[in-house]
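Raw protein-v7.tsv, TSV, C-alpha atoms:
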chain	number	residue	atom	x	y	z
Z	179	MET	CA	76.49	248.11	-99.10
Z	180	LYS	CA	74.38	246.83	-102.01
Z	181	ASN	CA	77.09	247.58	-104.58
Z	182	LYS	CA	79.74	245.79	-102.50
Z	183	LEU	CA	77.49	242.79	-101.96
Z	184	TYR	CA	76.60	242.75	-105.65
Z	185	ASN	CA	80.28	242.87	-106.63
Z	186	ILE	CA	81.16	240.02	-104.28
Z	187	LEU	CA	78.36	237.76	-105.47
Z	188	MET	CA	78.82	238.55	-109.13
Z	189	GLY	CA	82.58	237.98	-109.26
Z	190	ASP	CA	83.89	235.73	-112.04
Z	191	ASP	CA	84.53	232.99	-109.45
Z	192	VAL	CA	81.90	233.58	-106.77
Z	193	VAL	CA	83.56	231.35	-104.15
Z	194	GLU	CA	86.95	233.00	-104.64
Z	195	SER	CA	85.28	236.41	-104.49
Z	196	ILE	CA	83.54	235.50	-101.24
Z	197	ASN	CA	86.73	234.10	-99.71
Z	198	GLU	CA	88.68	237.23	-100.67
Z	199	ASN	CA	85.97	239.44	-99.14
Z	200	ILE	CA	84.80	237.31	-96.21
Z	201	THR	CA	85.46	240.01	-93.60
Z	202	ALA	CA	83.36	242.56	-95.49
Z	203	LEU	CA	80.63	239.98	-96.11
Z	204	VAL	CA	80.42	239.06	-92.42
Z	205	GLU	CA	80.35	242.75	-91.49
Z	206	MET	CA	77.40	243.24	-93.87
Z	207	ILE	CA	75.59	240.04	-92.80
Z	208	PRO	CA	76.93	238.90	-89.40
Z	209	GLU	CA	74.51	235.96	-89.28
Z	210	ILE	CA	76.73	234.25	-91.88
Z	211	GLU	CA	79.56	233.60	-89.42
Z	212	PRO	CA	77.71	230.94	-87.36
Z	213	MET	CA	77.15	228.97	-90.58
Z	214	MET	CA	80.90	228.32	-90.75
Z	215	GLY	CA	81.63	224.98	-89.12
Z	216	PHE	CA	77.97	224.32	-88.27
Z	217	ILE	CA	77.36	220.66	-89.06
Z	218	HIS	CA	74.21	219.48	-90.83
Z	219	ASN	CA	72.77	216.55	-88.90
Z	220	HIS	CA	71.32	214.97	-92.01
Z	221	PRO	CA	72.50	212.01	-94.09
Z	222	HIS	CA	72.18	213.92	-97.36
Z	223	HIS	CA	74.65	216.63	-96.31
Z	224	HIS	CA	78.37	215.89	-96.23
Z	225	LEU	CA	79.52	219.48	-95.70
Z	226	ASP	CA	78.96	222.01	-92.95
Z	227	VAL	CA	76.31	224.66	-93.65
Z	228	TRP	CA	78.86	227.15	-95.00
Z	229	GLY	CA	80.55	224.60	-97.24
Z	230	HIS	CA	77.15	223.53	-98.56
Z	231	THR	CA	76.30	227.17	-99.29
Z	232	LEU	CA	79.60	227.75	-101.11
Z	233	LEU	CA	79.13	224.59	-103.17
Z	234	ALA	CA	75.63	225.68	-104.18
Z	235	LEU	CA	76.95	229.14	-105.08
Z	236	SER	CA	79.72	227.62	-107.19
Z	237	LEU	CA	77.07	225.85	-109.26
Z	238	SER	CA	74.75	228.84	-109.59
Z	239	PRO	CA	74.11	230.89	-112.72
Z	240	ASP	CA	75.38	234.47	-112.93
Z	241	ASP	CA	72.21	235.93	-111.44
Z	242	PHE	CA	72.31	238.16	-108.36
Z	243	ILE	CA	68.81	237.23	-107.15
Z	244	ILE	CA	69.60	233.51	-107.32
Z	245	ARG	CA	72.96	233.98	-105.62
Z	246	ILE	CA	71.59	236.08	-102.76
Z	247	ALA	CA	68.85	233.48	-102.26
Z	248	ILE	CA	71.47	230.70	-102.13
Z	249	LEU	CA	73.66	232.72	-99.77
Z	250	LEU	CA	70.77	233.17	-97.33
Z	251	HIS	CA	68.85	229.91	-97.78
Z	252	ASP	CA	70.30	228.19	-94.67
Z	253	ILE	CA	71.18	231.28	-92.64
Z	254	GLY	CA	68.80	230.34	-89.82
Z	255	LYS	CA	70.02	226.77	-89.27
Z	256	PRO	CA	72.61	227.60	-86.59
Z	257	PHE	CA	69.93	229.48	-84.64
Z	258	THR	CA	67.31	226.71	-84.59

When written as structure tokens, how does the structure in this file appear?
Amino acid sequence: MKNKLYNILMGDDVVESINENITALVEMIPEIEPMMGFIHNHPHHHLDVWGHTLLALSLSPDDFIIRIAILLHDIGKPFT
């Protein structure tokens, strides 16, 4: 699992890599799926939680630790 997750997050275009491997990613981390379409109720967020996460990932450096932190930083929002 770690190698697959690493490969997804460290792809040349991280968002494209995630989109191409979304089924595998959701199988590894099922809590990601509720982020998709979950609206932030905050004036500083114009995207849903998943879109916000993908945007942050698209701007991240090529560092696995930073990317996994970004991927998971809002994972609890749909559950609170």

Using only C-alpha atoms, determine which residues lie at most 7 Å from segment 187-195 of chain Z, disregarding the query and same-chain residues fewer than 5 positions distant; provide the list as a PDB file with C-alpha atoms, keeping the file's coordinate frame.
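The new file out-v2.pdb reads:
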ATOM      1  CA  LEU Z 232      79.600 227.750-101.110  1.00  0.00           C
ATOM      2  CA  LEU Z 235      76.950 229.140-105.080  1.00  0.00           C
ATOM      3  CA  SER Z 236      79.720 227.620-107.190  1.00  0.00           C
ATOM      4  CA  ASP Z 240      75.380 234.470-112.930  1.00  0.00           C
ATOM      5  CA  PHE Z 242      72.310 238.160-108.360  1.00  0.00           C
ATOM      6  CA  ARG Z 245      72.960 233.980-105.620  1.00  0.00           C
TER       7      ARG Z 245
END

- [ ] Using only C-alpha atoms, find the one residue out of Z:Ser238, Z:Ala202, Z:Gly229, Z:Ile207 that sits nearest to Ile186 of chain Z.
- [x]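 Looking at the shortest contact to Ile186 of chain Z, the residue is Z:Ala202.
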
Open item on the list: Would you compute the distance between atom CA of His224 of chain Z and atom CA of Tyr184 of chain Z? Give it in Å to one decimal.
Closed with: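 Atom CA of Tyr184 of chain Z lies at a distance of 28.5 Å from atom CA of His224 of chain Z.
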
12 Å contact set for Ala234 of chain Z, only C-alpha atoms, chain neighbours under 5 positions out, as a JSON list (two decimals) with C-alpha atoms, keeping the file's coordinate frame:
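The result, written out as out-v8.json:
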[["chain", "number", "residue", "atom", "x", "y", "z"],
["Z", 192, "VAL", "CA", 81.90, 233.58, -106.77],
["Z", 193, "VAL", "CA", 83.56, 231.35, -104.15],
["Z", 225, "LEU", "CA", 79.52, 219.48, -95.70],
["Z", 227, "VAL", "CA", 76.31, 224.66, -93.65],
["Z", 228, "TRP", "CA", 78.86, 227.15, -95.00],
["Z", 229, "GLY", "CA", 80.55, 224.60, -97.24],
["Z", 239, "PRO", "CA", 74.11, 230.89, -112.72],
["Z", 244, "ILE", "CA", 69.60, 233.51, -107.32],
["Z", 245, "ARG", "CA", 72.96, 233.98, -105.62],
["Z", 246, "ILE", "CA", 71.59, 236.08, -102.76],
["Z", 247, "ALA", "CA", 68.85, 233.48, -102.26],
["Z", 248, "ILE", "CA", 71.47, 230.70, -102.13],
["Z", 249, "LEU", "CA", 73.66, 232.72, -99.77],
["Z", 250, "LEU", "CA", 70.77, 233.17, -97.33],
["Z", 251, "HIS", "CA", 68.85, 229.91, -97.78],
["Z", 252, "ASP", "CA", 70.30, 228.19, -94.67]]

Open item on the list: Rounded to one decimal, what separation in Å do you get between atom CA of Thr201 of chain Z and atom CA of His218 of chain Z?
Closed with: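 Separation between atom CA of Thr201 of chain Z and atom CA of His218 of chain Z: 23.6 Å.
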
Task: Atom-to-atom span, atom CA of Gly215 of chain Z and atom CA of Thr231 of chain Z, Å - done: 11.7 Å

Task: Nearest to Asn199 of chain Z, chosen from Z:Met214, Z:Ile243, Z:Leu183, Z:Leu237, with only C-alpha atoms counted in the distances - done: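 Ranked by minimum distance to Asn199 of chain Z, first place goes to Z:Leu183.
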
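Take the candidates Z:Val204, Z:Glu209, Z:Asn181, Z:Asn197 and check each one against Lys255 of chain Z using all atoms listed in the file; the shortest distance goes to Z:Glu209.
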
Task: Top pick for closest residue to Met206 of chain Z, considering Z:Asp226, Z:Asn219, Z:Pro256, Z:Lys182 and counting only C-alpha atoms - done: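 Of Z:Asp226, Z:Asn219, Z:Pro256, Z:Lys182, the one nearest Met206 of chain Z, counting only C-alpha atoms, is Z:Lys182.
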
Open item on the list: For a quick check of understanding, using all atoms listed in the file, which of Z:Thr258, Z:Leu203, Z:Asn185, Z:Ile196 has the smallest distance to Phe216 of chain Z?
Closed with: Z:Thr258

- [ ] Give the answer as one residue: which of Z:Ile217, Z:Asp241, Z:His230, Z:Pro212 has the shortest atom-to-atom distance to Ile253 of chain Z, using all atoms listed in the file?
- [x]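 When distances to Ile253 of chain Z are compared using all atoms listed in the file, the smallest one comes from Z:Pro212.
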
Could the centre and edge lengths of an axis-aligned box, enclosing all atoms of segment 238-248 of chain Z in the file with 8 Å extra on each side, be given in Å to one decimal as lines of an AutoDock Vina configuration file?
center_x = 72.1
center_y = 233.5
center_z = -107.5
size_x = 22.6
size_y = 25.3
size_z = 26.8
